[in-house]
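> First the structure, then my questions, so here it is.
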Amino acid sequence: MHTTAGYLVGAHVTSKYVFDLREEDVYWCTADVGWVTGHSYIVYGPLSNGATCLMYEGAPNFPDWGRFWRLIERHRVSVLYTAPTAIRAFIRQGDEHPAKSDLSSLRLLGTVGEPINPEAWVWYHRVIGGGKCPIVDTWWQTETGSIMMTTLPGAAYSKPGSTGLPMFGVEPAVVKDDGSDVPAGEGGKLVLKRPWPSMLRTVWGDDERFRKTYFSDIPGCYFTGDGARRDEDGYVWVVGRIDDVLNVAGHRIGTAEIESALVSHPAVAEAAAVGRPDELKGQALVVFVSIKPGHKPDAELAAALSEHVGKEIGKFARPDAIRFAEALPKTRSGKIMRRLLKDVAAGRASTGDTSTIEDLTVLAKLRADED
């Protein structure tokens, strides 16, 4: 549950400063309006600032993969806010689609929804931004209501892959289980140490669940559920959900690390890593990979990818299974639905909500390939 004034303060201020909104801007957030990104950064934040907003209902690849870029050219979009998963999908289709459109109106790019791997960041900056647009990689949650960390354009330099620095008044920390800070460069739990206006106030009708879920793990702090590290410059690197940290034969591996390593291979466009129960290891690592045109999804490539992960992270991180997929199950806003992939990897039926999946045939094909 959010409160009207506090939520609006967070959405308004972050929209104004993170997106550097100006009178002449045409702003486009590609999220589904039914998700919190849509609430905060299609509706409340931009409109309370008087911004001109583009809204698009449809897929990014219909009638073809040039759809987004033609819309930007036609409407002279100057600020684009989208998801890393969508960016990686565009990379897979090749540079020729954005090259057909005039993207010179763009002056600022943003990403949201999950950590962006450095390779996708560089492509986004080079191909879509023409090497001139700052990129604001934003970290926040449904529960926080508005952006908590980013690099403000013109005020802080970006590090590809890092979500950056805290917003005004936000006090993040990376801590151990006992709440003590971890040294720079080491991983830990990401918490927020003080309240902020747009924060959740309770879980509707269940105050006890609210306290237990968010404030019991690290006393006196809001626990985000994410793992992160902080570098010597104070920049925060979010590695993904603590739930997505796998314990493979005694090694703790973040799925985001595996995915970033895979996408750094020239053949890989997208990757999603999940765990499945394993009697010997506790958890086995299964990766679903979509490859770029011109590469063959065969045993030779699978072996090369396994070797690549071993080289980038360590032999213990080599996947137990690599499954090639033409596409991965995503929400309409372009986020990979990893919980569905966990079900596929474990060979069990999906009992959770699938109403937000963009294309149910993707899931059906993955299950058919398994059979």
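Letters for chains follow the order of the structure tokens (A, B, ...), residue numbers begin at 1 for each chain, and ligand numbers begin at 1 in the order shown.
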Could you give me, as JSON, numbers by chain, the residues within 10 Å of A:Leu340, counting only C-alpha atoms and dropping anything in the same chain fewer than 5 positions from it?
{"A": [274, 328, 329, 330, 345, 346, 348, 349, 350, 351, 352, 353, 354, 357, 363]}
> Can you pull out every residue within 10 Å of A:Phe215, counting only C-alpha atoms, but drop anything in the same chain fewer than 6 positions away, and send it as a list in words?
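Near A:Phe215, the qualifying residues are Val191, Arg209, Cys221, Tyr222, Phe223 and Thr224 of chain A.
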> Grab the residues selected above and save them as a PDB file, in the first residue's frame with all heavy atoms.

ATOM      1  N   VAL A 191      20.193  -3.216   1.553  1.00  0.00           N
ATOM      2  CA  VAL A 191      19.150  -2.694   2.444  1.00  0.00           C
ATOM      3  C   VAL A 191      19.058  -1.180   2.274  1.00  0.00           C
ATOM      4  O   VAL A 191      19.957  -0.534   1.731  1.00  0.00           O
ATOM      5  CB  VAL A 191      19.434  -3.026   3.932  1.00  0.00           C
ATOM      6  CG1 VAL A 191      19.501  -4.523   4.149  1.00  0.00           C
ATOM      7  CG2 VAL A 191      20.721  -2.341   4.411  1.00  0.00           C
ATOM      8  N   ARG A 209       2.526  -9.232   8.183  1.00  0.00           N
ATOM      9  CA  ARG A 209       3.251  -9.720   7.004  1.00  0.00           C
ATOM     10  C   ARG A 209       4.204  -8.641   6.489  1.00  0.00           C
ATOM     11  O   ARG A 209       5.335  -8.928   6.061  1.00  0.00           O
ATOM     12  CB  ARG A 209       2.261 -10.120   5.910  1.00  0.00           C
ATOM     13  CG  ARG A 209       2.930 -10.703   4.674  1.00  0.00           C
ATOM     14  CD  ARG A 209       1.906 -11.052   3.615  1.00  0.00           C
ATOM     15  NE  ARG A 209       2.563 -11.391   2.361  1.00  0.00           N
ATOM     16  CZ  ARG A 209       1.953 -11.380   1.178  1.00  0.00           C
ATOM     17  NH1 ARG A 209       0.673 -11.073   1.101  1.00  0.00           N
ATOM     18  NH2 ARG A 209       2.603 -11.696   0.086  1.00  0.00           N
ATOM     19  N   CYS A 221      16.304  -1.959   9.345  1.00  0.00           N
ATOM     20  CA  CYS A 221      16.496  -1.654   7.926  1.00  0.00           C
ATOM     21  C   CYS A 221      15.378  -2.280   7.087  1.00  0.00           C
ATOM     22  O   CYS A 221      14.784  -3.288   7.466  1.00  0.00           O
ATOM     23  CB  CYS A 221      17.826  -2.199   7.417  1.00  0.00           C
ATOM     24  SG  CYS A 221      19.287  -1.453   8.157  1.00  0.00           S
ATOM     25  N   TYR A 222      15.131  -1.678   5.934  1.00  0.00           N
ATOM     26  CA  TYR A 222      14.262  -2.284   4.929  1.00  0.00           C
ATOM     27  C   TYR A 222      15.130  -3.201   4.073  1.00  0.00           C
ATOM     28  O   TYR A 222      16.107  -2.758   3.465  1.00  0.00           O
ATOM     29  CB  TYR A 222      13.620  -1.194   4.059  1.00  0.00           C
ATOM     30  CG  TYR A 222      12.968  -1.720   2.794  1.00  0.00           C
ATOM     31  CD1 TYR A 222      11.636  -2.141   2.801  1.00  0.00           C
ATOM     32  CD2 TYR A 222      13.669  -1.783   1.597  1.00  0.00           C
ATOM     33  CE1 TYR A 222      11.035  -2.628   1.644  1.00  0.00           C
ATOM     34  CE2 TYR A 222      13.080  -2.268   0.437  1.00  0.00           C
ATOM     35  CZ  TYR A 222      11.767  -2.687   0.469  1.00  0.00           C
ATOM     36  OH  TYR A 222      11.180  -3.163  -0.672  1.00  0.00           O
ATOM     37  N   PHE A 223      14.813  -4.495   4.043  1.00  0.00           N
ATOM     38  CA  PHE A 223      15.570  -5.450   3.242  1.00  0.00           C
ATOM     39  C   PHE A 223      14.932  -5.553   1.866  1.00  0.00           C
ATOM     40  O   PHE A 223      13.762  -5.894   1.725  1.00  0.00           O
ATOM     41  CB  PHE A 223      15.601  -6.815   3.926  1.00  0.00           C
ATOM     42  CG  PHE A 223      16.285  -7.878   3.108  1.00  0.00           C
ATOM     43  CD1 PHE A 223      17.470  -7.616   2.442  1.00  0.00           C
ATOM     44  CD2 PHE A 223      15.748  -9.156   3.015  1.00  0.00           C
ATOM     45  CE1 PHE A 223      18.102  -8.593   1.673  1.00  0.00           C
ATOM     46  CE2 PHE A 223      16.373 -10.138   2.261  1.00  0.00           C
ATOM     47  CZ  PHE A 223      17.553  -9.854   1.587  1.00  0.00           C
ATOM     48  N   THR A 224      15.726  -5.272   0.834  1.00  0.00           N
ATOM     49  CA  THR A 224      15.210  -5.216  -0.527  1.00  0.00           C
ATOM     50  C   THR A 224      14.970  -6.581  -1.154  1.00  0.00           C
ATOM     51  O   THR A 224      14.238  -6.696  -2.132  1.00  0.00           O
ATOM     52  CB  THR A 224      16.191  -4.462  -1.438  1.00  0.00           C
ATOM     53  OG1 THR A 224      17.405  -5.239  -1.551  1.00  0.00           O
ATOM     54  CG2 THR A 224      16.521  -3.085  -0.874  1.00  0.00           C
TER      55      THR A 224
END
> Can you pull out the residues contacting stretch 255-265 of chain A? Cut-off 7 Å, using only C-alpha atoms, and skip same-chain residues under 2 positions away; I want them as a PyMOL selection string.
chain A and resi 117+119+239-240+244-245+253+267-274+305+309+312
> Could you list, as a list of chain:residue names, every residue within 9 Å of A:Ala5, counting only C-alpha atoms and ignoring same-chain residues fewer than 5 positions away?
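The residues that qualify are A:Gly10, A:Pro197, A:Ser198.
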> Okay, now the selection with N, CA, C and O atoms, as a PDB file, in the first residue's frame?

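To be explicit, this is the file written out as selection.pdb:
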ATOM      1  N   GLY A  10       7.713  11.067  -4.647  1.00  0.00           N
ATOM      2  CA  GLY A  10       8.809  10.263  -5.177  1.00  0.00           C
ATOM      3  C   GLY A  10       8.781  10.181  -6.691  1.00  0.00           C
ATOM      4  O   GLY A  10       9.803  10.378  -7.356  1.00  0.00           O
ATOM      5  N   PRO A 197       9.793   9.126   1.062  1.00  0.00           N
ATOM      6  CA  PRO A 197       8.363   9.465   0.895  1.00  0.00           C
ATOM      7  C   PRO A 197       7.528   8.431   0.163  1.00  0.00           C
ATOM      8  O   PRO A 197       6.386   8.163   0.547  1.00  0.00           O
ATOM      9  N   SER A 198       8.077   7.813  -0.904  1.00  0.00           N
ATOM     10  CA  SER A 198       7.243   6.948  -1.744  1.00  0.00           C
ATOM     11  C   SER A 198       7.248   5.487  -1.304  1.00  0.00           C
ATOM     12  O   SER A 198       6.788   4.616  -2.032  1.00  0.00           O
TER      13      SER A 198
END
> A:Arg229, A:Lys193, A:Arg211, A:His308: which is nearest A:Val170, counting only C-alpha atoms?
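Of A:Arg229, A:Lys193, A:Arg211, A:His308, the one nearest A:Val170 is A:Lys193, counting only C-alpha atoms.
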> Which neighbours of A:Tyr214 fall inside 12 Å, counting only C-alpha atoms, when residues of the same chain fewer than 2 positions from it are skipped, and could you give them as number ranges by chain?
A: 143-144, 190-193, 199-203, 207-212, 216-226
> Residues as selected, N, CA, C and O atoms, written as a compact mmCIF listing (two decimals), in the first residue's frame, can you do that?

# COMPACT_ATOMS: atom_id res chain seq x y z
N GLU A 143 7.72 -1.81 -4.27
CA GLU A 143 7.58 -1.38 -2.88
C GLU A 143 8.15 0.01 -2.63
O GLU A 143 7.66 0.74 -1.78
N THR A 144 9.22 0.38 -3.36
CA THR A 144 9.82 1.70 -3.11
C THR A 144 9.03 2.81 -3.79
O THR A 144 9.17 3.98 -3.42
N LEU A 190 21.39 -6.07 0.04
CA LEU A 190 21.11 -4.65 -0.17
C LEU A 190 19.94 -4.22 0.71
O LEU A 190 18.85 -4.79 0.64
N VAL A 191 20.19 -3.22 1.55
CA VAL A 191 19.15 -2.69 2.44
C VAL A 191 19.06 -1.18 2.27
O VAL A 191 19.96 -0.53 1.73
N LEU A 192 17.95 -0.63 2.75
CA LEU A 192 17.78 0.82 2.83
C LEU A 192 17.65 1.18 4.30
O LEU A 192 16.84 0.59 5.02
N LYS A 193 18.44 2.16 4.75
CA LYS A 193 18.58 2.41 6.19
C LYS A 193 17.63 3.47 6.75
O LYS A 193 17.56 3.63 7.96
N MET A 199 7.76 5.22 -0.11
CA MET A 199 7.85 3.83 0.34
C MET A 199 6.48 3.22 0.63
O MET A 199 5.50 3.93 0.88
N LEU A 200 6.43 1.89 0.57
CA LEU A 200 5.21 1.19 0.96
C LEU A 200 4.93 1.43 2.44
O LEU A 200 5.85 1.57 3.24
N ARG A 201 3.65 1.49 2.81
CA ARG A 201 3.29 1.77 4.21
C ARG A 201 2.82 0.51 4.94
O ARG A 201 2.88 0.45 6.17
N THR A 202 2.34 -0.45 4.21
CA THR A 202 2.00 -1.76 4.77
C THR A 202 1.66 -2.68 3.62
O THR A 202 1.71 -2.28 2.45
N VAL A 203 1.39 -3.94 3.91
CA VAL A 203 0.75 -4.83 2.95
C VAL A 203 -0.73 -4.75 3.27
O VAL A 203 -1.13 -4.91 4.43
N ASP A 207 -0.59 -6.06 8.43
CA ASP A 207 0.57 -5.33 8.95
C ASP A 207 1.70 -6.27 9.39
O ASP A 207 2.88 -5.96 9.22
N GLU A 208 1.33 -7.42 9.94
CA GLU A 208 2.34 -8.35 10.43
C GLU A 208 3.18 -8.91 9.29
O GLU A 208 4.39 -9.06 9.39
N ARG A 209 2.53 -9.23 8.18
CA ARG A 209 3.25 -9.72 7.00
C ARG A 209 4.20 -8.64 6.49
O ARG A 209 5.33 -8.93 6.06
N PHE A 210 3.76 -7.40 6.52
CA PHE A 210 4.58 -6.26 6.11
C PHE A 210 5.86 -6.19 6.96
O PHE A 210 6.97 -6.10 6.42
N ARG A 211 5.69 -6.28 8.27
CA ARG A 211 6.86 -6.20 9.17
C ARG A 211 7.80 -7.39 8.96
O ARG A 211 9.02 -7.24 8.89
N LYS A 212 7.21 -8.57 8.87
CA LYS A 212 8.02 -9.79 8.77
C LYS A 212 8.78 -9.84 7.44
O LYS A 212 9.95 -10.22 7.39
N SER A 216 12.31 -7.70 9.14
CA SER A 216 12.75 -8.66 10.16
C SER A 216 14.13 -9.26 9.85
O SER A 216 14.83 -9.70 10.77
N ASP A 217 14.54 -9.27 8.59
CA ASP A 217 15.84 -9.89 8.23
C ASP A 217 17.01 -9.11 8.82
O ASP A 217 17.91 -9.68 9.42
N ILE A 218 17.00 -7.80 8.60
CA ILE A 218 18.06 -6.91 9.09
C ILE A 218 17.39 -5.88 9.99
O ILE A 218 16.77 -4.94 9.48
N PRO A 219 17.47 -6.02 11.30
CA PRO A 219 16.76 -5.13 12.22
C PRO A 219 17.07 -3.66 11.95
O PRO A 219 18.23 -3.28 11.74
N GLY A 220 16.01 -2.85 11.91
CA GLY A 220 16.17 -1.41 11.71
C GLY A 220 16.34 -1.00 10.27
O GLY A 220 16.52 0.19 9.97
N CYS A 221 16.30 -1.96 9.35
CA CYS A 221 16.50 -1.65 7.93
C CYS A 221 15.38 -2.28 7.09
O CYS A 221 14.78 -3.29 7.47
N TYR A 222 15.13 -1.68 5.93
CA TYR A 222 14.26 -2.28 4.93
C TYR A 222 15.13 -3.20 4.07
O TYR A 222 16.11 -2.76 3.46
N PHE A 223 14.81 -4.50 4.04
CA PHE A 223 15.57 -5.45 3.24
C PHE A 223 14.93 -5.55 1.87
O PHE A 223 13.76 -5.89 1.72
N THR A 224 15.73 -5.27 0.83
CA THR A 224 15.21 -5.22 -0.53
C THR A 224 14.97 -6.58 -1.15
O THR A 224 14.24 -6.70 -2.13
N GLY A 225 15.65 -7.61 -0.60
CA GLY A 225 15.58 -8.93 -1.23
C GLY A 225 16.63 -9.13 -2.30
O GLY A 225 16.73 -10.20 -2.88
N ASP A 226 17.43 -8.08 -2.55
CA ASP A 226 18.46 -8.15 -3.58
C ASP A 226 19.84 -8.33 -2.98
O ASP A 226 20.12 -7.86 -1.87
> Which residues of stretch 188-237 of chain A sit at most 12 Å from stretch 111-115 of chain A, using only C-alpha atoms? Give each one's shortest atom pair and distance in Å (one decimal place), in chain and ascending residue order, as a Markdown table.

| residue | atom | partner | partner_atom | distance |
| --- | --- | --- | --- | --- |
| A:Asp226 | CA | A:Glu114 | CA | 10.7 |
| A:Gly227 | CA | A:Pro115 | CA | 11.2 |
| A:Ala228 | CA | A:Pro115 | CA | 10.5 |
| A:Val236 | CA | A:Pro115 | CA | 10.9 |
| A:Trp237 | CA | A:Pro115 | CA | 8.2 |
> Choose the residue, out of A:Val182, A:Leu71, A:Ala31, A:Val18, that has the smallest atom-to-atom separation from A:Leu165; count only C-alpha atoms.
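The shortest atom-to-atom distance to A:Leu165 comes from A:Val18.
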> Could you tell me which of A:His97, A:Lys132, A:Lys335, A:Lys159 comes closest to A:Phe68 if we count only C-alpha atoms?
A:His97
> Write out as a ChimeraX atom specification each polymer residue whose atoms come within 7 Å of stretch 43-49 of chain A, counting only C-alpha atoms; drop sequence neighbours fewer than 5 positions from it.
/A:8,11-12,15-16,38
> From the options A:Ala99, A:Asp343, A:Glu307, A:Glu171, which residue's atoms come nearest to A:Gly234, counting only C-alpha atoms?
A:Glu171
> Pick the closest to A:Gly187 from A:Asp231, A:Asp298, A:Glu73, A:Asp278: which is it, counting only C-alpha atoms?
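Selected residue with least distance to A:Gly187: A:Asp231.
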> Run DSSP on the backbone and grab whatever in stretch 295-343 of chain A lands in strand (DSSP E); send it over as a list in words.
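Answer for stretch 295-343 of chain A restricted to strand (DSSP E) is Ala321, Ile322, Arg323 and Phe324 of chain A.
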> Go through stretch 198-367 of chain A and collect every residue that DSSP, computed from the backbone, puts in alpha helix (DSSP H); the answer should be as a PyMOL selection string.
chain A and resi 207-215+255-263+299-312+338-346+360-367
> Can you tell me, as a PDB file with N, CA and C atoms, in the first residue's frame, what residues are no more than 10 Å from A:Pro183 when counting only C-alpha atoms, ignoring any on the same chain fewer than 6 positions away?

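Here's the written file selection_27.pdb:
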ATOM      1  N   VAL A 174      25.156  -2.153   1.836  1.00  0.00           N
ATOM      2  CA  VAL A 174      25.357  -3.571   1.521  1.00  0.00           C
ATOM      3  C   VAL A 174      25.906  -4.215   2.785  1.00  0.00           C
ATOM      4  N   VAL A 175      25.150  -5.153   3.353  1.00  0.00           N
ATOM      5  CA  VAL A 175      25.455  -5.643   4.694  1.00  0.00           C
ATOM      6  C   VAL A 175      25.520  -7.170   4.759  1.00  0.00           C
ATOM      7  N   LYS A 176      26.111  -7.642   5.862  1.00  0.00           N
ATOM      8  CA  LYS A 176      26.109  -9.070   6.183  1.00  0.00           C
ATOM      9  C   LYS A 176      24.785  -9.421   6.866  1.00  0.00           C
ATOM     10  N   ARG A 229      26.890  -5.391  -4.394  1.00  0.00           N
ATOM     11  CA  ARG A 229      28.195  -5.002  -3.860  1.00  0.00           C
ATOM     12  C   ARG A 229      28.377  -3.521  -4.129  1.00  0.00           C
ATOM     13  N   ARG A 230      29.244  -2.907  -3.362  1.00  0.00           N
ATOM     14  CA  ARG A 230      29.513  -1.482  -3.513  1.00  0.00           C
ATOM     15  C   ARG A 230      31.000  -1.310  -3.794  1.00  0.00           C
ATOM     16  N   ASP A 231      31.348  -0.548  -4.834  1.00  0.00           N
ATOM     17  CA  ASP A 231      32.763  -0.405  -5.161  1.00  0.00           C
ATOM     18  C   ASP A 231      33.401   0.733  -4.367  1.00  0.00           C
ATOM     19  N   GLU A 232      34.677   0.958  -4.619  1.00  0.00           N
ATOM     20  CA  GLU A 232      35.423   1.961  -3.833  1.00  0.00           C
ATOM     21  C   GLU A 232      34.934   3.382  -4.087  1.00  0.00           C
TER      22      GLU A 232
END
